[in-house]
Each structure stands twice: as structure tokens, then as C-alpha cells.
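S.K.: Here it is: the structure, laid out below.
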Amino acid sequence: APTGAMTQPPQEGFDRSVEDALKWMKAVQERLQVNDNTQGPRAALEARLRETEKLCQLEPEGRVKVDLVLRAAETLLACCHEDQKPPILAQLKDIKAQWEET
């Protein structure tokens, strides 16, 4: 039978969603750092302000990515052994902290 997204192992789904969310947050954080510069002519400042506003509009997309991580984690936690849970929970905590900073 062909393997689709629905048949992927929970660990794989979780890892992929974590990777995706972290990549997205890193990209946004890098763009925000560039915009943090308050030096330069007014036109440059206005361009950075517009870029920051654009980044703010991306927030729902980021929230969806974080929600996917949470759902994948729920699935994984439901079927994994007790001793496998701490690293998963640690990764979740890390993702949530990163999201707060983004």
C-alpha cells in the first residue's frame, strides 16, 4: 500500500512538525532582527516598519504551525512509553518558549 501523510509514524510526524515550526520561527526572527535597526533615512525606517507589519500578519500562520506541533505531540504521547515522554515534553516546552519570543 502507498504510504501517505496519514500513515506516517507519530514520532516522524512530531519531528517534522517541530522542524517546520522552528524553521518558520527562525526565518521570522531573522527578518525582525534586520528590522530592529532604527538608524538610517526616514524612507528606510518606513520600509522596515512596513516589513514589521507584514511579519505581524504572519502570526496566524505561525500559530497554525505551533498547533500542528501540539497535535503531533498529543498523538505521540498517547502511544509512546512513559520513559520516552520527558524529551518530547522538553521539546514542546522549547517550541512554546520560541513562539513567545517570535
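Chain labels A, B, ... are given in the sequence in which chains occur in the C-alpha cells; within each chain residues are numbered consecutively from 1, and ligands are likewise numbered from 1 in the order shown.
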Counting only C-alpha atoms, which residues in range 65-97 of chain A sit no more than 6 Å from range 5-24 of chain A? For each one, give the nearest pair of atoms and the distance in Å, sorted by chain then residue number, as CSV.
M.R.:
residue,atom,partner,partner_atom,distance
A:Lys65,CA,A:Ala21,CA,5.3
A:Val69,CA,A:Ser17,CA,5.1
A:Ala72,CA,A:Phe14,CA,4.8
A:Ala73,CA,A:Phe14,CA,5.8
A:Leu76,CA,A:Pro10,CA,5.0
S.K.: Write out as a ChimeraX atom specification all residues of chain A that DSSP puts in helix (DSSP H, G or I) for this structure's backbone.
M.R.: /A:5-7,10-35,42-57,59-79,82-101
S.K.: Got a sec: who's within 8 Å of range 26-36 of chain A, counting only C-alpha atoms, leaving out chain neighbours fewer than 5 positions off, as a PyMOL selection string?
M.R.: chain A and resi 48-49+51-52+55+102
S.K.: When you count only C-alpha atoms, which of these residues is closest to Gln91 in chain A: A:Leu70, A:Ala78, A:Val64, A:Ala43?
M.R.: A:Leu70
S.K.: How far is it from CA of Lys96 in chain A to CA of Glu59 in chain A, in Å with one decimal?
M.R.: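 Result for CA of Lys96 in chain A versus CA of Glu59 in chain A: 13.9 Å, one decimal.
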S.K.: Mind pulling up the distance from CA of Pro87 in chain A to CA of Glu74 in chain A?
M.R.: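 Between CA of Glu74 in chain A and CA of Pro87 in chain A the gap is 13.5 Å.
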